[in-house]
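Have a look at upload_3.tsv below; it lists TSV, C-alpha atoms.
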chain	number	residue	atom	x	y	z
A	11	MET	CA	0.00	0.00	0.00
A	12	ALA	CA	1.34	3.43	-0.92
A	13	THR	CA	2.14	5.81	1.91
A	14	THR	CA	0.38	9.16	1.79
A	15	ILE	CA	2.69	12.17	2.10
A	16	THR	CA	1.74	15.78	2.60
A	17	GLU	CA	4.52	17.43	0.58
A	18	ARG	CA	4.04	17.89	-3.16
A	19	SER	CA	5.33	14.93	-5.15
A	20	SER	CA	5.85	14.17	-8.83
A	21	VAL	CA	3.63	11.08	-8.49
A	22	VAL	CA	-0.04	10.99	-7.48
A	23	GLY	CA	-2.53	8.23	-6.75
A	24	VAL	CA	-5.70	8.44	-8.83
A	25	ARG	CA	-8.94	6.56	-8.14
A	26	PHE	CA	-11.57	6.05	-10.84
A	27	GLN	CA	-14.27	4.58	-8.60
A	28	LYS	CA	-15.42	5.40	-5.10
A	29	LEU	CA	-13.85	2.27	-3.63
A	30	GLY	CA	-11.49	1.45	-6.46
A	31	LYS	CA	-7.76	0.84	-6.46
A	32	LEU	CA	-5.22	3.63	-6.62
A	33	TYR	CA	-3.33	3.99	-9.88
A	34	HIS	CA	-0.11	5.98	-10.11
A	35	PHE	CA	0.39	8.84	-12.57
A	36	LYS	CA	3.11	11.42	-13.10
A	37	LEU	CA	2.67	15.14	-12.56
A	38	ASN	CA	4.34	17.71	-14.73
A	39	ARG	CA	6.09	20.54	-12.92
A	40	ASP	CA	3.76	23.17	-14.33
A	41	GLN	CA	0.56	21.33	-13.32
A	42	ASP	CA	-1.22	22.79	-10.29
A	43	ILE	CA	-3.00	19.62	-9.16
A	44	ASN	CA	-3.68	18.66	-5.56
A	45	PRO	CA	-5.40	15.80	-3.72
A	46	GLY	CA	-9.16	16.10	-4.18
A	47	ASP	CA	-8.93	17.45	-7.72
A	48	HIS	CA	-10.55	15.57	-10.60
A	49	VAL	CA	-8.27	14.91	-13.56
A	50	VAL	CA	-8.40	13.46	-17.05
A	51	VAL	CA	-5.84	10.75	-17.82
A	52	GLU	CA	-5.09	8.40	-20.68
A	53	THR	CA	-5.39	4.70	-19.79
A	54	GLN	CA	-5.50	1.38	-21.61
A	55	ARG	CA	-9.28	1.84	-21.73
A	56	GLY	CA	-9.08	5.29	-23.29
A	57	ARG	CA	-9.41	8.64	-21.58
A	58	GLN	CA	-10.79	8.37	-18.06
A	59	LEU	CA	-11.84	10.84	-15.39
A	60	GLY	CA	-10.55	10.14	-11.89
A	61	GLN	CA	-9.88	11.86	-8.60
A	62	VAL	CA	-6.45	12.50	-7.13
A	63	MET	CA	-6.43	10.93	-3.67
A	64	ALA	CA	-2.88	11.56	-2.44
A	65	TYR	CA	0.69	12.39	-3.29
A	66	ILE	CA	2.81	9.25	-3.56
A	67	ASP	CA	6.44	8.93	-2.51
A	68	PRO	CA	8.31	8.24	-5.80
A	69	LYS	CA	10.66	5.88	-3.92
A	70	GLN	CA	7.75	3.50	-3.41
A	71	VAL	CA	6.85	3.35	-7.10
A	72	ASN	CA	8.50	0.78	-9.35
A	73	ASN	CA	9.37	1.83	-12.91
A	74	GLN	CA	8.16	5.37	-12.36
A	75	HIS	CA	9.66	6.35	-15.71
A	76	SER	CA	7.00	4.25	-17.43
A	77	LEU	CA	4.10	5.96	-15.62
A	78	ARG	CA	1.53	7.78	-17.71
A	79	GLY	CA	1.13	11.49	-17.12
A	80	ILE	CA	-1.85	13.55	-16.03
A	81	GLU	CA	-3.42	15.01	-19.17
A	82	ARG	CA	-5.18	17.91	-17.47
A	83	LYS	CA	-7.40	18.95	-14.60
A	84	ALA	CA	-11.06	18.17	-15.23
A	85	ASN	CA	-13.35	21.10	-15.97
A	86	PRO	CA	-17.03	21.50	-15.03
A	87	ARG	CA	-18.14	20.18	-18.42
A	88	ASP	CA	-16.19	16.95	-17.88
A	89	LEU	CA	-17.93	16.36	-14.54
A	90	VAL	CA	-21.36	17.04	-16.03
A	91	MET	CA	-20.70	14.72	-18.97
A	92	GLN	CA	-19.69	11.95	-16.61
A	93	GLN	CA	-22.99	12.31	-14.74
A	94	VAL	CA	-24.90	12.26	-18.03
A	95	TRP	CA	-23.29	9.00	-19.12
A	96	GLU	CA	-23.79	7.47	-15.66
A	97	THR	CA	-27.55	7.96	-16.03
A	98	LYS	CA	-27.43	5.80	-19.18
A	99	GLU	CA	-25.66	2.86	-17.57
A	100	LEU	CA	-28.78	1.16	-16.20
A	101	ASP	CA	-30.45	1.14	-19.64
A	102	ALA	CA	-27.25	-0.23	-21.13
A	103	LEU	CA	-27.18	-3.03	-18.55
A	104	ILE	CA	-30.82	-3.94	-19.27
A	105	THR	CA	-30.08	-4.05	-23.00
A	106	CYS	CA	-27.05	-6.25	-22.38
A	107	ARG	CA	-29.11	-8.73	-20.37
A	108	GLU	CA	-31.77	-8.83	-23.08
A	109	LYS	CA	-29.19	-9.48	-25.81
A	110	ALA	CA	-27.53	-12.15	-23.66
A	111	SER	CA	-30.86	-13.92	-23.21
A	112	GLN	CA	-31.52	-13.77	-26.94
A	113	SER	CA	-28.06	-15.22	-27.58
A	114	GLY	CA	-28.78	-18.16	-25.28
A	115	ILE	CA	-26.28	-17.14	-22.60
A	116	LYS	CA	-27.70	-18.43	-19.32
A	117	ASP	CA	-24.63	-19.16	-17.18
A	118	ALA	CA	-23.42	-15.57	-16.86
A	119	LYS	CA	-24.64	-12.84	-14.52
A	120	PHE	CA	-24.31	-9.29	-15.86
A	121	VAL	CA	-24.12	-6.93	-12.89
A	122	LYS	CA	-22.90	-3.56	-14.11
A	123	ALA	CA	-22.51	-1.36	-17.18
A	124	GLU	CA	-19.92	1.40	-16.98
A	125	TYR	CA	-19.34	4.24	-19.43
A	126	SER	CA	-16.12	6.22	-19.63
A	127	PHE	CA	-16.63	9.87	-18.79
A	128	ASP	CA	-16.85	10.84	-22.48
A	129	GLY	CA	-18.99	7.86	-23.54
A	130	ARG	CA	-16.38	6.40	-25.89
A	131	TRP	CA	-15.95	3.18	-23.88
A	132	LEU	CA	-18.67	0.97	-22.44
A	133	THR	CA	-17.66	-1.85	-20.10
A	134	PHE	CA	-19.98	-4.65	-19.02
A	135	HIS	CA	-19.03	-6.50	-15.84
A	136	TYR	CA	-20.21	-10.10	-15.58
A	137	ALA	CA	-19.61	-13.16	-13.43
A	138	THR	CA	-19.64	-16.78	-14.51
A	139	GLU	CA	-18.32	-20.14	-13.37
A	140	ASN	CA	-18.19	-21.41	-16.94
A	141	LYS	CA	-14.56	-20.92	-17.92
A	142	LYS	CA	-15.33	-21.96	-21.49
A	143	LEU	CA	-18.05	-19.36	-21.96
A	144	ASN	CA	-17.69	-17.59	-25.32
A	145	ILE	CA	-18.79	-14.00	-24.85
A	146	LYS	CA	-17.48	-12.79	-28.24
A	147	ARG	CA	-20.79	-13.16	-30.05
A	148	LEU	CA	-22.61	-11.06	-27.47
A	149	GLN	CA	-19.86	-8.44	-27.63
A	150	ASN	CA	-20.26	-8.15	-31.40
A	151	THR	CA	-24.03	-7.79	-31.00
A	152	LEU	CA	-23.59	-4.99	-28.47
A	153	LYS	CA	-21.15	-3.20	-30.77
A	154	GLN	CA	-23.93	-2.87	-33.32
A	155	HIS	CA	-26.30	-1.45	-30.71
A	156	PHE	CA	-24.06	1.06	-28.92
A	157	ASP	CA	-21.96	3.82	-30.43
A	158	ALA	CA	-19.01	3.04	-28.16
A	159	ARG	CA	-16.12	0.65	-27.85
A	160	ILE	CA	-17.43	-2.42	-25.98
A	161	GLU	CA	-15.41	-4.24	-23.35
A	162	MET	CA	-16.58	-7.39	-21.53
A	163	ARG	CA	-14.92	-7.82	-18.14
A	164	SER	CA	-15.20	-11.00	-16.09
A	165	ILE	CA	-15.24	-10.45	-12.31
A	166	GLY	CA	-15.28	-12.71	-9.27
A	167	PRO	CA	-18.01	-13.26	-6.66
A	168	ARG	CA	-16.42	-10.80	-4.22
A	169	ASP	CA	-16.55	-8.06	-6.86
A	170	VAL	CA	-20.19	-8.91	-7.57
A	171	ALA	CA	-21.03	-8.47	-3.89
A	172	LYS	CA	-19.11	-5.18	-3.87
A	173	ILE	CA	-21.15	-3.84	-6.78
A	174	LEU	CA	-24.55	-5.05	-5.56
A	175	GLY	CA	-24.02	-3.83	-1.99
A	176	GLY	CA	-26.60	-4.77	0.63
A	177	TYR	CA	-26.11	-6.01	4.18
A	178	GLY	CA	-23.86	-8.67	5.64
A	179	ALA	CA	-24.71	-11.38	8.15
A	180	CYS	CA	-23.79	-8.99	10.98
A	181	GLY	CA	-26.65	-6.68	9.97
A	182	ALA	CA	-24.37	-3.85	8.83
A	183	PRO	CA	-23.65	-2.79	5.22
A	184	ARG	CA	-21.14	-5.06	3.54
A	185	CYS	CA	-17.51	-4.15	4.18
A	186	CYS	CA	-16.67	-4.53	0.50
A	187	SER	CA	-19.29	-1.92	-0.42
A	188	THR	CA	-18.40	0.62	2.26
A	189	PHE	CA	-14.63	0.87	2.77
A	190	LEU	CA	-12.63	-2.04	1.29
A	191	THR	CA	-10.63	-0.96	-1.77
A	192	GLU	CA	-8.83	-4.29	-2.19
A	193	PHE	CA	-9.57	-7.88	-1.20
A	194	SER	CA	-7.07	-9.56	1.11
A	195	PRO	CA	-6.45	-13.33	1.01
A	196	VAL	CA	-8.63	-15.14	3.58
A	197	SER	CA	-8.03	-18.68	4.88
A	198	ILE	CA	-9.65	-21.17	7.24
A	199	ARG	CA	-6.62	-20.76	9.51
A	200	MET	CA	-7.80	-17.27	10.37
A	201	ALA	CA	-11.15	-18.57	11.60
A	202	LYS	CA	-9.46	-21.29	13.66
A	203	ALA	CA	-7.10	-18.80	15.30
A	204	GLN	CA	-10.06	-16.70	16.44
A	205	GLY	CA	-12.04	-19.65	17.75
A	206	ILE	CA	-14.85	-19.13	15.26
A	207	SER	CA	-17.09	-22.04	14.35
A	208	LEU	CA	-16.10	-23.56	11.00
A	209	SER	CA	-19.73	-23.96	10.02
A	210	PRO	CA	-20.25	-22.50	6.51
A	211	GLN	CA	-23.06	-20.31	7.87
A	212	GLU	CA	-20.62	-18.72	10.32
A	213	ILE	CA	-17.61	-18.05	8.09
A	214	THR	CA	-19.11	-17.62	4.62
A	215	GLY	CA	-20.21	-14.24	3.30
A	216	MET	CA	-23.06	-13.39	0.95
A	217	CYS	CA	-20.65	-13.85	-1.97
A	218	GLY	CA	-20.18	-17.52	-1.10
A	219	ARG	CA	-16.54	-16.97	-0.11
A	220	LEU	CA	-14.88	-16.68	3.30
A	221	ARG	CA	-15.86	-13.45	5.01
A	222	CYS	CA	-13.46	-10.54	4.56
A	223	CYS	CA	-13.88	-9.60	8.23
A	224	LEU	CA	-11.94	-12.73	9.26
A	225	VAL	CA	-8.82	-10.76	8.35
A	226	PHE	CA	-9.52	-7.73	10.52
A	227	GLU	CA	-8.60	-9.11	13.97
A	228	TYR	CA	-6.49	-12.10	12.94
A	229	GLU	CA	-3.10	-10.50	13.69
A	230	GLN	CA	-4.29	-9.28	17.10
A	231	TYR	CA	-5.42	-12.80	17.99
A	232	VAL	CA	-2.10	-14.30	16.89
A	233	GLU	CA	-0.06	-11.81	18.93
A	234	ALA	CA	-2.29	-12.08	21.99
A	235	LYS	CA	-2.21	-15.89	21.96
A	236	LYS	CA	1.57	-15.81	22.25
A	237	THR	CA	1.23	-14.45	25.79
A	238	LEU	CA	-1.61	-16.73	26.92
A	239	PRO	CA	-1.50	-20.44	27.80
A	240	LYS	CA	-3.23	-22.97	25.56
A	241	ARG	CA	-6.28	-25.01	26.46
A	242	GLY	CA	-5.52	-28.00	28.65
A	243	LYS	CA	-2.37	-26.49	30.17
A	244	ARG	CA	-1.87	-26.43	33.97
A	245	ILE	CA	-1.18	-22.99	35.42
A	246	GLY	CA	-0.95	-21.31	38.78
A	247	THR	CA	-3.54	-18.70	39.71
A	248	PRO	CA	-4.56	-16.69	42.78
A	249	TYR	CA	-7.24	-19.34	43.29
A	250	GLY	CA	-4.84	-22.27	43.11
A	251	VAL	CA	-3.51	-24.63	40.45
A	252	GLY	CA	-5.91	-25.50	37.64
A	253	LYS	CA	-6.30	-26.46	34.01
A	254	VAL	CA	-7.12	-23.98	31.23
A	255	ARG	CA	-10.55	-24.67	29.73
A	256	ASP	CA	-11.01	-21.63	27.49
A	257	VAL	CA	-8.92	-18.75	26.14
A	258	ARG	CA	-10.48	-15.28	25.89
A	259	VAL	CA	-8.02	-13.54	23.64
A	260	LEU	CA	-9.55	-10.05	23.45
A	261	ARG	CA	-9.98	-9.94	27.25
A	262	GLU	CA	-6.41	-11.22	27.70
A	263	SER	CA	-7.66	-13.86	30.10
A	264	VAL	CA	-8.29	-17.60	30.41
A	265	VAL	CA	-10.99	-19.66	32.10
A	266	VAL	CA	-9.42	-22.12	34.55
A	267	ASP	CA	-10.95	-25.23	36.12
A	268	ILE	CA	-9.83	-25.44	39.77
A	269	ASP	CA	-11.28	-28.46	41.58
A	270	GLY	CA	-14.51	-28.23	39.61
A	271	GLU	CA	-14.90	-24.47	39.94
A	272	TRP	CA	-14.26	-22.24	36.95
A	273	HIS	CA	-12.52	-18.88	37.36
A	274	GLU	CA	-11.53	-16.18	34.89
A	275	VAL	CA	-7.84	-15.38	35.33
A	276	PHE	CA	-6.20	-12.43	33.62
A	277	GLN	CA	-2.78	-12.49	32.02
A	278	HIS	CA	-0.95	-10.68	34.83
A	279	GLU	CA	-2.32	-13.20	37.36
A	280	ILE	CA	-1.08	-16.33	35.56
A	281	GLU	CA	1.85	-18.35	36.86
A	282	PRO	CA	3.35	-20.57	34.12
A	283	LEU	CA	4.01	-23.71	36.19
A	284	ASP	CA	5.65	-25.74	33.42
A	285	GLU	CA	8.17	-22.98	32.68
A	286	LEU	CA	8.91	-22.45	36.38
A	287	HIS	CA	9.44	-26.18	36.93
A	288	ALA	CA	11.74	-26.36	33.90
A	289	LEU	CA	13.87	-23.47	35.21
A	290	GLN	CA	14.03	-25.02	38.69
A	291	LYS	CA	15.09	-28.38	37.28
A	292	LYS	CA	17.77	-26.76	35.17
A	293	ALA	CA	19.10	-24.84	38.17
A	294	GLU	CA	19.32	-28.01	40.28
A	295	ALA	CA	21.12	-29.93	37.50
A	296	GLY	CA	24.28	-27.89	37.79
A	297	CYS	CA	26.58	-26.95	34.94
A	298	SER	CA	26.34	-29.28	31.97
A	299	LYS	CA	29.74	-28.23	30.66
A	300	HIS	CA	31.61	-30.20	33.34
A	301	GLU	CA	31.57	-33.83	34.42
A	302	ASN	CA	29.28	-34.84	37.29
A	303	GLY	CA	27.68	-31.38	37.21
A	304	GLY	CA	30.59	-29.80	39.08
A	305	CYS	CA	31.21	-26.24	38.06
A	306	ASP	CA	34.04	-23.82	38.87
A	307	CYS	CA	33.75	-21.61	35.81
A	308	GLY	CA	31.71	-19.00	37.63
A	309	ALA	CA	28.89	-19.07	35.06
A	310	LYS	CA	25.45	-18.24	36.38
Structure rendered as structure tokens:
Amino acid sequence: MATTITERSSVVGVRFQKLGKLYHFKLNRDQDINPGDHVVVETQRGRQLGQVMAYIDPKQVNNQHSLRGIERKANPRDLVMQQVWETKELDALITCREKASQSGIKDAKFVKAEYSFDGRWLTFHYATENKKLNIKRLQNTLKQHFDARIEMRSIGPRDVAKILGGYGACGAPRCCSTFLTEFSPVSIRMAKAQGISLSPQEITGMCGRLRCCLVFEYEQYVEAKKTLPKRGKRIGTPYGVGKVRDVRVLRESVVVDIDGEWHEVFQHEIEPLDELHALQKKAEAGCSKHENGGCDCGAK
């Protein structure tokens, strides 16, 4: 992730969608462009209108000599034209779905149509599990219907959920639709580390993939568990010696069974018996560098 800096830099991060990725572009010395400004840039998909989000430290950018430059700052007409084309996207999506149905395409879900700010490019986002799906025929049909260059872009289930929005299982708006700009890798190990049930209903999001929120507290759980005993371990407590039955990571405590009674013991109250016994045994063994444990080397 690029680090935001406050001083003016020759490289800026530009975002083309509200929760989209940052793309790096070069600034010319004579361009008075600051974070928050809308700019017009040339991309592989033609001219696009984006918003400058931050100055980027050039040291963190690989191959900065190959970066594209900022064409110009957007004017009021550019912003109005973008809004005009955005109002036409829903009709374009409906037309695409109709043409797909007429073409016999049933195993693809078309979720979004997106115009470039000047209407020259029209991108249709779709999801499918059929890797052999031939979308070329539909693309040619759409080219005859729209006066724009047509691009068909396949997206994954997480991106579909991001576009559609809605609410997650927690009852709050989906993370991917509110603040996530990139998807982090998620694994079952993260759920295990947090003691979450591995039931699909508990760890699967609306997209059918592991929930993104499993990543949020994973590192905190891993670090906290390093300082807490595991389940089944015998420890000393203010209430006596007992066995750990449960670990409450966020509370930095464990639940200990002491003669049938359960007590919550916090980290600063725990006595690690196994470690203390090991140190005591090592101290009584004498120096292992000399025969028969005798030691006159003065080592402590």
Please report, as a tab-separated table, each residue of stretch 87-166 of chain A lying at most 10 Å from stretch 47-56 of chain A, together with the nearest pair of atoms and the separation in Å rounded to one decimal; use all atoms listed in the file, and order rows by chain and ascending residue number.
residue	atom	partner	partner_atom	distance
A:Asp88	CA	A:Val50	CA	8.6
A:Leu89	CA	A:His48	CA	8.4
A:Ser126	CA	A:Gly56	CA	8.0
A:Phe127	CA	A:Val50	CA	9.1
A:Asp128	CA	A:Gly56	CA	9.6
A:Arg130	CA	A:Gly56	CA	7.8
A:Trp131	CA	A:Arg55	CA	7.1
A:Leu132	CA	A:Arg55	CA	9.5
A:Thr133	CA	A:Arg55	CA	9.3
A:Arg159	CA	A:Arg55	CA	9.3
A:Glu161	CA	A:Arg55	CA	8.8
Nearest-residue call for A:Lys202, choices A:Met216, A:Ala158, A:Cys186, A:Leu224, using all atoms listed in the file: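 Closest candidate: A:Leu224.
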Skip A:His278 itself and residues of its chain fewer than 3 positions away, then list as an NGL selection string all residues within 12 Å of it, counting all atoms listed in the file. :A and (237-238 or 246-248 or 261-264 or 274-275 or 281-282)
Using only C-alpha atoms, which of A:Lys36, A:His155, A:Lys142, A:Arg168 sits nearest A:Pro68? A:Lys36
One decimal, in Å: what's the spacing between atom CA of A:Ile115 and atom CA of A:Asp157?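 One can read the atom CA of A:Ile115 to atom CA of A:Asp157 distance as 22.8 Å.
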How close does stretch 91-174 of chain A get to stretch 29-34 of chain A? List, as a tab-separated table, each residue of stretch 91-174 of chain A within 12 Å, its nearest atom pair and the distance in Å to one decimal, counting only C-alpha atoms.
residue	atom	partner	partner_atom	distance
A:Asp169	CA	A:Gly30	CA	10.8
A:Lys172	CA	A:Leu29	CA	9.1
A:Ile173	CA	A:Leu29	CA	10.0
Give me, as a ChimeraX atom specification, all polymer residues having an atom no more than 12 Å from stretch 205-208 of chain A, counting all atoms listed in the file and skipping those fewer than 4 positions away in the same chain. /A:197-201,212-214,220-221,223-224,227-228,231-232,235,241,256-260
Let me know the centre plus edge lengths, in Å and rounded to one decimal, of a box with edges along x, y and z that contains all listed atoms of stretch 88-103 of chain A and is padded by 6 Å on every side, as JSON.
{"center_x": -23.3, "center_y": 7.0, "center_z": -17.8, "size_x": 26.3, "size_y": 32.1, "size_z": 18.6}
Take atom CA of A:Lys243 and atom CA of A:Gly270 and report the distance between them in Å, one decimal.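 So the answer is 15.5 Å.
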